[in-house]
Structure formats: C-alpha cells, structure tokens
Amino acid sequence: MYGVGKFTGGLLSDSLSPRTMFTAGMLLTATINILIGFTGNVWLLTFLWSVNGLAQGCGWPPCTKLLREWFSPYELGTLWSLLTAGCNLASSISPVVTAFLTSNFGWSAAFITPGVSTAAMSVLAYYLICDSPSEMGLEEFTQRTTMKSRTENKTVENRKDYIITMLYSPFLWVLSIGYLLTLFVKTGVGEWTQLFLIQTIGRTQYDKGLNLVSVKQCSMQIVERAGSRLAHLYGLPKTHKENLSMRPILSATGTYNYALAKWLDDKLKPLSSNRYTISDTFSFADEIQNLVIDENDILVSYDVTSLFTNVPLQETIEIIAEKAFADNWFNTTHDLSITKPELVQLLEVATMNQLFQFDGNLYEQTDGVAMGSPLGPLMANAFLCSIEEKLDQDNKLPEFYRRYVDDTFAIVTSVPAAEDLLSTLNNCHPSIHFTMELASGNKLPFVGMEVLKKGCKLETSVYRKPTNTGLLLHHQSHVDKRYKKSLLKTMLNRAFRLSSTWESFKSECDHLKMMFTNLKYPDHLINSTISHFVTSVRSENPGVQAQLSVNENAVHRVVLPFKDQKSADAVKRQLSDLSNKIDHTLHPVFKSRKICEDLRVREPKPPIVSQQCVVYNYKCDLCDAEYVGYTSRHLHQRINEHRSVAMSFLEIGGLFGSITSGYITDKLMLKYGNSTLSSPRVPPMIGFAFLQLACVYLLHTAVTSSTSLWFISTLIFGIGFSLYTAINLYGVLAMENSPPGLSGTSHAIVALAANVGATLAGIPLTAISKVYDWGGVFVCLELSSLFCGCLLIGARNINRHIIDPSKLE
C-alpha cells in the first residue's frame, strides 16, 4: 500500500497544492496511528494499517514539488540527500522510542504518542510551508517560471498529452529501469546476504555472552551468562509443622547471577565453618557418642527464626571479604589476583537486589538471602560464625556447643544457664531471633536424631517427627527395582550410623520392617536385605569400602527415562559391555516422572522471545528459505543477532552515500551546468554501479568461513554506499529534469519501477535459489549491477530532459 500511495500521490501532487497534500497526508497518518492505539480488532487493525501505508506514501511527491519550487538546480542534490538521510535516522531512532513507550506506558502509547506529535507537526507545517516563493512575494527563477507557466496553465487534455510524451522519454526509462535494478539488488543484498552469512559461513553478531563483571587476571568465563531467566518464587509445605506453613524457595537456576554465585560458593566455602559447626548428622553422632558429661548437665537446642531471609547482606559481605583477605588467603589459595573491593562487588552482584516473580508480579529482594541461592547457606553460616567467634572471645559460649546451619545443640549446667545463653544470643544482632527447646525426659531431638542422656554418657537413635507419615517409594512405583532395594539399604545404613547401641538399631529395624510392609515391599526382600546388611557391617571389611570409594570416582552416570524393568536390565548389560571396551564405567540412572510434577503449580513461562536454550527456525522475510538453529541466549537476542554485525554496515554505508552523493553532484552541476547533453550526475553513478558490482562479486567469491569480519563489513559498506548513492540520485534526476508542473508524475513513474524491483527480489530469487543455490542468487545480483552500469553509460548520450523544453512551446 505504501507503493500504491507513492504512485497515486505523485500523480495527484501535480494538480493539487503540495502544502495541502503534504499536511493532509501527515494528519491522516496521525489519525490512523491514534485509532490503532485504541483498537484491538484484527480486521480493523489490518484495514487501518493498509490505509496508513497509503497515507504515508503520499508524502514524498509533494516534497519533490516543493524542492523544485523553492531551490535552484544546484542545491537539489544536497537537500534531497538531507531529506533521505533524515528518514534513515528516524528509522534508526524509532525502535528505541517505541521500546521506551511500550515498556513504560503500554503498546498503545507506541502508536498514540507518534500520532499526536505528527498531528501537531502537520498543523505547524501547514502554517509554515508555502507552495512557491511567489506566495510570499519572492521572485522565482526565470527559466522555471517560464516552463511552469507553459505546463501548469494548460488544460487537462494538454496535461495528459504531456504525460504521454513523458512515457516516450528515453531518459525517464533509463531512470526507471536503473532504479528497478538498484532496488532489486538492494533488497536482494539486504534480505539474502543475511541468510547467506548465517547458513553458509556461520557469521552472527556475537557468539559469546557478556561478562557480568570484569575482574583483572581472574578466570571469569565460568560466570558468563549467554542467556538468563527470571527467578521464580514458590513454596514447599512444612509437613512437620502442625499449623499450615510454607517454606519460600527461590528457583534461581539459570538466572543471570547463578553461575557467579556457584563460583563464589566453591571458592569461599571454607569461610563458612568454624570449630562449632558440624557438616552433617553422622559426624555429630560420632562425636557425641564418646562424649563424657556431668550428671547434672542438661541438653538444650536453639533455633534461628527465618534465618535466611534475615541475614544482613551488606554486613555479611563485609565479614566474608575481611576473612577472605586476611593474609591474602583468597588469592593465595585459589591462585587469583583480585582486590578486596572487587570481591565485594562480586558478592553484591551475586546476592543483592535479586529480581523474582511470584503470582504474576515482579518483586525485588532487598535484604536477606533466599533458599535456592547457591550462596544462601554460605552467607547464613558466615554470619552466624562471626557471632559465635565474638561470643567465644568473650567466653560466653558453653563448653559443648555445636551448630548445623540454624539449629544449635548445647550442653549447659542448668536451666538458668540455658536461658542466659538464649538472652545472649538474641542480643547479638537485631535482625535475628533465637528460640529454645529443653530436653524432655533427658531426650532432645536434633537434626534427624534423638539424643538421650544416660548418666554421664549420651546415646543416639533415629528420630521421627510426630507428623511423619512413613511415605517413601512405594514398591509398585514405576522405577527400577534396584532403586527400591537401594532405598532399603539406605534406610538401614542411616539407622545403623545414628544408633549408638544395638538395641536402638534393632528397634529401628523393626520399625523399618513395618513401614516397608505398608509400602507393599515383599517380606523376603525386606528380611534378606536386613540380613545381608547386618552381615556386612559385622564383617567390618574397610578394604572393600575403600576400594568402592575409589571406583565410585571413575563412574560416569547416564540419565535415562525408565520404561520397564526388562528394558532397564538390557540397558545395564549393554552399558556394562561398553564400559569394558572404553575403559570407563558407565552407570545407568533411570528417572521416572513423579505424580507430584503433574499436580504442582507450574512455574509460569516467560514469552517465547524471552526464553533461552531453545531450538528456533529462522525464515527469510521474502521467501521460504530457512535456517534451524539452537541458542542458549534469549531468543529475541538471537533474532536480532541474525541481522549480523556485517549487515549493519549496509545501513552505515548507505547513510554516508546518501549524504555525500547529493553534495558532490551539486558541485558538478554548478561546474558543468547545461554544457553537457546528459546530466553531470550520471558519470558518478556509473562509477558507483561498478563499485557495487565489484563488492557483490567479492562477497560471493572471496568470502569464506575464515574471512576477516572487517573484510566482510568493508564489502557490505561499499555495497550500501553505492546502492544508496544511486537511490538518492535517481530521485534527484527524476525531480530536476522533469517539467516543473510534472515533477510529481515523473517521480511517481520512477518510484513505481523501484517497487517492482523490490518485489522481484522476493519470489523470483526464491525460485532461482532452489535450483541454483547461492550461486544463482549472486549471479542475478551481479548481472543486475552490470546491466545497470551499462545502462548508465548509454545514458551519457541521451538528452537529460524528460520532455524537451522546445516541445513545451
């Protein structure tokens, strides 16, 4: 519709006031854009969009007429260049403005705001523009006034005769065919070269992500994120609590700072422990089983309320940084060379101002760390370690004090001493609060086990909370039978390691028998597994265990979906045979879909263009050529990058060509004037046509996958420069060499040919590419450039005037 509007506007502009037509087109365009902002109907939107193209196309022809009326022939090239360059700049700025309006005020604002501003400009233009100098009492150029009177004062029938005469003009046909070929090459290069560089050569703008931070001499490629997702908050029910409550979990995998957080956690983990921390329940059980205490001592535990979300981030970051650079431990241990402020910056990026979504809304975590962040346990432990170290210096901690994250076990002399310790802990920092639980009947649960005080000794056994349902993997579950047997062994091993006496272990075995019987496990499987386990632990063969540990490190696990037991056994045999051949142990891990995965509320997915790690299908705008690829970045980034960095030089070269061509050829017009038969603007166009041919040919034949990106960019810069130079000068030649009263008509004819050329770059080139591949496409572009250059050479012997001035008598 834009092409139709341009052609129609050219024909009408010679009969109507250019000021009225220009401002009316602007006002109509503004009105349509405002209406688009308020409509949601697809068919109405399509209609308005079509009319919008028609209205916008009417803008160029009045401009040609106004330039002819107001400026001398020696200025037209420069002014036309500035006009076209302004349009190119507006096209570059509009996406930025549109993105700003859409993100801040909604998509409607992206149409309404330009519409309102264009309407205001149309009113301003109507009052500032005059059709000709004579309307303001100024003199017109003598030759133009004479020619204008000879054309504009004719009747409609005579005007039609002039138009027919124009159609017989050789120079007009040279301009039309040349413009057609130029637009054919421009569209072909703009659309097809992108796909050529991507599919054949593999060039895109960036193949690596951006560093989150820049740290000198630090191996930071591990923290690069090519694409990231938005963190998502969800809740897990606290089934051990009597009242309904949820534990907030932040799903941070794949976020922009997740890899950085994991890297820091690995490097800084030693700073999150001290002599009071325990690594797991088993090590704690081993420690207290040999502990001798006083008969009057009491057992007590302390728990921090909502520790993770109450950790003071900035303070904890400073604590970690101070410890890391004590004696330059961080750089010495990990062979790095970074400064303390840089480490602080890394920790801030990894933990502070975390954005996440919940229930469709976007939130920002301003303080504390979330469960789900790799740095969560480290930050919490480091903060509590600093408190414990201060209390230790003041001798305020009891003789036996152990902590696992937010759960603390202590042995104190009396209840008042336990309460004093609670008060001391709560006065350490305003952001955290401790609660206390005393032993009941000399029994105290702690991190999955129960500690029993018997005289001066402590005994341990497995502890289950009252809310425990005993629900584990059911025997009828659709998983490998080896996993079911392994579950039995795991529970027996846990019971053995947490039970300090054979009596407590036997009691736990009885409980496990009952629990697995309820889960429909066969009695023979339960009894045989227990029997084999007891036999193995009594044999106490540490050599076998050590050997198993060594072999375990050499295992490569292969995760596979579980279909049925027969298939699982077959896969295990095949991987065992393959392991012997490749000297690596391949261990299958079968994964079954859990029912809870279908029942739980799914994390809302972002729009498709904002997703990463996707397979996509890239198609040409004008044809059915396509390219299938994979990207770990956001899809919208990859879409933009498929307009390769080299292709941006097409527009840059075009901008330079548009600006310089008009000015240079104006100087030639001023120097040679009317002394030549053809226009002085034609010889430079010949040179640019053959420059275009050379660049297209080199792009086709000299570019390979190892070719420098700058060489490719230079070639495309040359193509853009030569193409836009020709496009600019075709418009100038059509405008300045037509009779003043028919400049719009002349421009309409040439513009129609240009639209035909752009169309031919679509379907015909598609058909050629299917038969002759890229070679056929580039040969068509090269032949078009060659024919255009030869056509312009012939134009040097053709009268530049579209209608001979003598025929206007």
# chains A, B, ... in the order shown; residues from 1 in each chain; ligands from 1

call {"tool": "residues_around", "arguments": {"residues": "region 684-695 of chain A", "least_positions_apart": "3", "cutoff": "6 Å", "atoms": "only C-alpha atoms", "output": "compact mmCIF listing (two decimals) with N, CA and C atoms, in the first residue's frame"}}
result
# COMPACT_ATOMS: atom_id res chain seq x y z
N LEU A 698 32.88 -9.92 -4.98
CA LEU A 698 33.83 -10.36 -3.96
C LEU A 698 33.11 -11.02 -2.78
N LEU A 715 33.17 -4.82 2.49
CA LEU A 715 32.45 -5.10 1.25
C LEU A 715 31.00 -4.63 1.34
N ILE A 719 28.84 -1.82 -0.72
CA ILE A 719 27.55 -2.07 -1.38
C ILE A 719 26.52 -1.06 -0.92
N SER A 722 27.28 2.48 -2.42
CA SER A 722 26.96 2.61 -3.84
C SER A 722 25.46 2.51 -4.10
N GLU A 782 24.71 -9.83 -9.52
CA GLU A 782 25.86 -9.30 -10.27
C GLU A 782 25.45 -8.85 -11.66
N SER A 785 23.65 -5.54 -11.45
CA SER A 785 24.58 -4.43 -11.25
C SER A 785 25.31 -4.09 -12.54
N GLY A 789 25.06 -0.55 -14.71
CA GLY A 789 26.20 0.27 -15.09
C GLY A 789 26.24 0.54 -16.58
N LEU A 792 23.63 3.11 -17.62
CA LEU A 792 24.01 4.49 -17.30
C LEU A 792 25.08 5.00 -18.26

call {"tool": "select_by_dssp", "arguments": {"residues": "region 275-414 of chain A", "states": "strand (DSSP E or B)", "output": "MDAnalysis selection string"}}
result
chainID A and resid 277 292 298:304 354:358 361:365 371 373 400:404 407:412

call {"tool": "write_last_selection", "arguments": {"atoms": "N, CA and C atoms", "output": "CSV table (one decimal), in the first residue's frame"}}
result
chain,number,residue,atom,x,y,z
A,277,THR,N,30.8,-25.6,64.1
A,277,THR,CA,29.9,-26.1,63.1
A,277,THR,C,30.1,-27.6,62.8
A,292,VAL,N,31.9,-37.5,77.4
A,292,VAL,CA,31.6,-37.7,78.8
A,292,VAL,C,31.1,-36.3,79.4
A,298,ILE,N,22.4,-30.4,81.4
A,298,ILE,CA,21.1,-30.6,80.7
A,298,ILE,C,21.4,-30.3,79.2
A,299,LEU,N,20.5,-30.9,78.4
A,299,LEU,CA,20.6,-30.7,76.9
A,299,LEU,C,19.7,-29.6,76.5
A,300,VAL,N,20.1,-28.8,75.6
A,300,VAL,CA,19.2,-27.7,75.1
A,300,VAL,C,19.6,-27.5,73.6
A,301,SER,N,18.6,-27.1,72.8
A,301,SER,CA,18.8,-26.7,71.4
A,301,SER,C,18.2,-25.3,71.2
A,302,TYR,N,18.8,-24.6,70.2
A,302,TYR,CA,18.4,-23.3,69.8
A,302,TYR,C,18.2,-23.3,68.3
A,303,ASP,N,17.1,-22.6,67.9
A,303,ASP,CA,16.8,-22.5,66.5
A,303,ASP,C,16.6,-21.0,66.1
A,304,VAL,N,17.2,-20.6,65.0
A,304,VAL,CA,17.0,-19.3,64.5
A,304,VAL,C,15.7,-19.2,63.6
A,354,GLN,N,18.0,-9.1,44.1
A,354,GLN,CA,17.6,-10.2,43.2
A,354,GLN,C,16.1,-10.0,42.8
A,355,LEU,N,15.9,-10.0,41.5
A,355,LEU,CA,14.6,-9.9,41.0
A,355,LEU,C,13.9,-11.3,40.8
A,356,PHE,N,12.7,-11.4,41.2
A,356,PHE,CA,12.0,-12.7,41.0
A,356,PHE,C,10.5,-12.4,40.8
A,357,GLN,N,9.8,-13.4,40.2
A,357,GLN,CA,8.4,-13.2,40.0
A,357,GLN,C,7.6,-14.2,40.9
A,358,PHE,N,6.4,-13.8,41.3
A,358,PHE,CA,5.5,-14.6,42.1
A,358,PHE,C,4.1,-14.2,41.8
A,361,ASN,N,3.5,-11.3,39.5
A,361,ASN,CA,4.1,-9.9,39.8
A,361,ASN,C,5.6,-10.0,40.0
A,362,LEU,N,6.2,-8.9,39.8
A,362,LEU,CA,7.7,-8.8,39.8
A,362,LEU,C,8.1,-8.2,41.2
A,363,TYR,N,9.0,-8.9,41.9
A,363,TYR,CA,9.5,-8.4,43.2
A,363,TYR,C,11.0,-8.3,43.2
A,364,GLU,N,11.5,-7.5,44.2
A,364,GLU,CA,12.9,-7.4,44.4
A,364,GLU,C,13.3,-7.7,45.8
A,365,GLN,N,14.2,-8.6,46.0
A,365,GLN,CA,14.6,-8.9,47.4
A,365,GLN,C,15.7,-7.9,47.8
A,371,MET,N,16.4,-19.2,50.1
A,371,MET,CA,16.7,-20.6,49.9
A,371,MET,C,16.5,-20.9,48.5
A,373,SER,N,19.3,-20.0,46.5
A,373,SER,CA,20.5,-19.4,46.0
A,373,SER,C,21.7,-20.2,46.4
A,400,PHE,N,30.3,-27.3,75.5
A,400,PHE,CA,30.0,-28.0,74.3
A,400,PHE,C,28.8,-27.3,73.6
A,401,TYR,N,29.2,-26.9,72.4
A,401,TYR,CA,28.3,-26.0,71.5
A,401,TYR,C,28.5,-26.4,70.1
A,402,ARG,N,27.5,-27.0,69.4
A,402,ARG,CA,27.6,-27.3,68.0
A,402,ARG,C,26.4,-26.8,67.2
A,403,ARG,N,26.6,-26.4,66.0
A,403,ARG,CA,25.6,-25.8,65.2
A,403,ARG,C,25.6,-26.4,63.8
A,404,TYR,N,24.4,-26.7,63.3
A,404,TYR,CA,24.2,-27.1,61.9
A,404,TYR,C,23.2,-26.1,61.3
A,407,ASP,N,20.3,-24.7,63.4
A,407,ASP,CA,19.9,-25.5,64.5
A,407,ASP,C,21.2,-25.7,65.4
A,408,THR,N,21.1,-25.4,66.7
A,408,THR,CA,22.2,-25.4,67.6
A,408,THR,C,22.0,-26.4,68.7
A,409,PHE,N,23.0,-27.2,69.1
A,409,PHE,CA,22.9,-28.1,70.2
A,409,PHE,C,23.9,-27.7,71.2
A,410,ALA,N,23.5,-27.6,72.5
A,410,ALA,CA,24.4,-27.2,73.5
A,410,ALA,C,24.2,-28.0,74.8
A,411,ILE,N,25.2,-28.2,75.6
A,411,ILE,CA,25.1,-28.8,76.9
A,411,ILE,C,25.5,-27.7,77.9
A,412,VAL,N,24.6,-27.4,78.8
A,412,VAL,CA,24.8,-26.4,79.8
A,412,VAL,C,24.6,-27.0,81.2

call {"tool": "atom_distance", "arguments": {"atom1": "CA of Ser251 (chain A)", "atom2": "CA of Asn274 (chain A)"}}
result
29.0 Å

call {"tool": "closest_residue", "arguments": {"among": "A:Ser708, A:Ser134, A:Ser72, A:Gln314", "to": "Asp367 (chain A)", "atoms": "only C-alpha atoms"}}
result
A:Gln314

call {"tool": "closest_residue", "arguments": {"among": "A:Ser423, A:Thr467, A:Ser713, A:Ser306", "to": "Leu650 (chain A)", "atoms": "only C-alpha atoms"}}
result
A:Ser713

call {"tool": "atom_distance", "arguments": {"atom1": "CA of Leu181 (chain A)", "atom2": "CA of Pro62 (chain A)"}}
result
24.9 Å

call {"tool": "atom_distance", "arguments": {"atom1": "CA of Leu397 (chain A)", "atom2": "CA of Arg497 (chain A)"}}
result
28.5 Å

call {"tool": "closest_residue", "arguments": {"among": "A:Glu322, A:Leu729, A:Leu471, A:Phe196", "to": "Asp773 (chain A)", "atoms": "only C-alpha atoms"}}
result
A:Phe196

call {"tool": "residues_around", "arguments": {"residues": "region 520-523 of chain A", "least_positions_apart": "3", "cutoff": "9 Å", "atoms": "only C-alpha atoms", "output": "JSON list (two decimals) with C-alpha atoms, in the first residue's frame"}}
result
[["chain", "number", "residue", "atom", "x", "y", "z"],
["A", 474, "HIS", "CA", 6.08, -47.46, 47.00],
["A", 475, "HIS", "CA", 7.00, -50.93, 45.75],
["A", 476, "GLN", "CA", 4.51, -50.59, 42.89],
["A", 484, "LYS", "CA", 13.73, -49.99, 45.66],
["A", 513, "LYS", "CA", 10.01, -53.68, 58.55],
["A", 516, "PHE", "CA", 8.17, -51.08, 54.17],
["A", 517, "THR", "CA", 5.49, -53.73, 54.65],
["A", 526, "ILE", "CA", 12.93, -56.87, 53.47],
["A", 527, "ASN", "CA", 14.33, -59.75, 55.54],
["A", 528, "SER", "CA", 17.08, -60.68, 53.09]]

call {"tool": "closest_residue", "arguments": {"among": "A:Asp131, A:Glu508, A:Asp394, A:Asp564", "to": "Thr460 (chain A)", "atoms": "only C-alpha atoms"}}
result
A:Glu508

call {"tool": "closest_residue", "arguments": {"among": "A:Gly654, A:Gly372, A:Gly25, A:Pro561", "to": "Ala119 (chain A)", "atoms": "only C-alpha atoms"}}
result
A:Gly25

call {"tool": "residues_around", "arguments": {"residues": "region 252-264 of chain A", "least_positions_apart": "4", "cutoff": "6 Å", "atoms": "only C-alpha atoms", "output": "ChimeraX atom specification"}}
result
/A:223,228-231,268,350,374-375

call {"tool": "residues_around", "arguments": {"residues": "Tyr483 (chain A)", "least_positions_apart": "4", "cutoff": "10 Å", "atoms": "only C-alpha atoms", "output": "PyMOL selection string"}}
result
chain A and resi 473+475+479+487-489+589-590

call {"tool": "write_last_selection", "arguments": {"atoms": "C-alpha atoms", "output": "short mmCIF file (atom, residue, chain, number, x, y, z; two decimals), in the first residue's frame"}}
result
data_model
loop_
_atom_site.label_atom_id
_atom_site.label_comp_id
_atom_site.auth_asym_id
_atom_site.auth_seq_id
_atom_site.Cartn_x
_atom_site.Cartn_y
_atom_site.Cartn_z
CA LEU A 473 8.95 -45.01 47.44
CA HIS A 475 7.00 -50.93 45.75
CA VAL A 479 11.02 -47.33 38.79
CA LEU A 487 16.20 -47.44 49.39
CA LEU A 488 16.04 -50.28 51.90
CA LYS A 489 19.84 -50.32 52.20
CA VAL A 589 20.43 -43.78 36.22
CA PHE A 590 16.77 -44.31 35.41
#

call {"tool": "select_by_dssp", "arguments": {"residues": "region 293-353 of chain A", "states": "helix (DSSP H, G or I)", "output": "ChimeraX atom specification"}}
result
/A:308-310,313-324,326-334,340-351
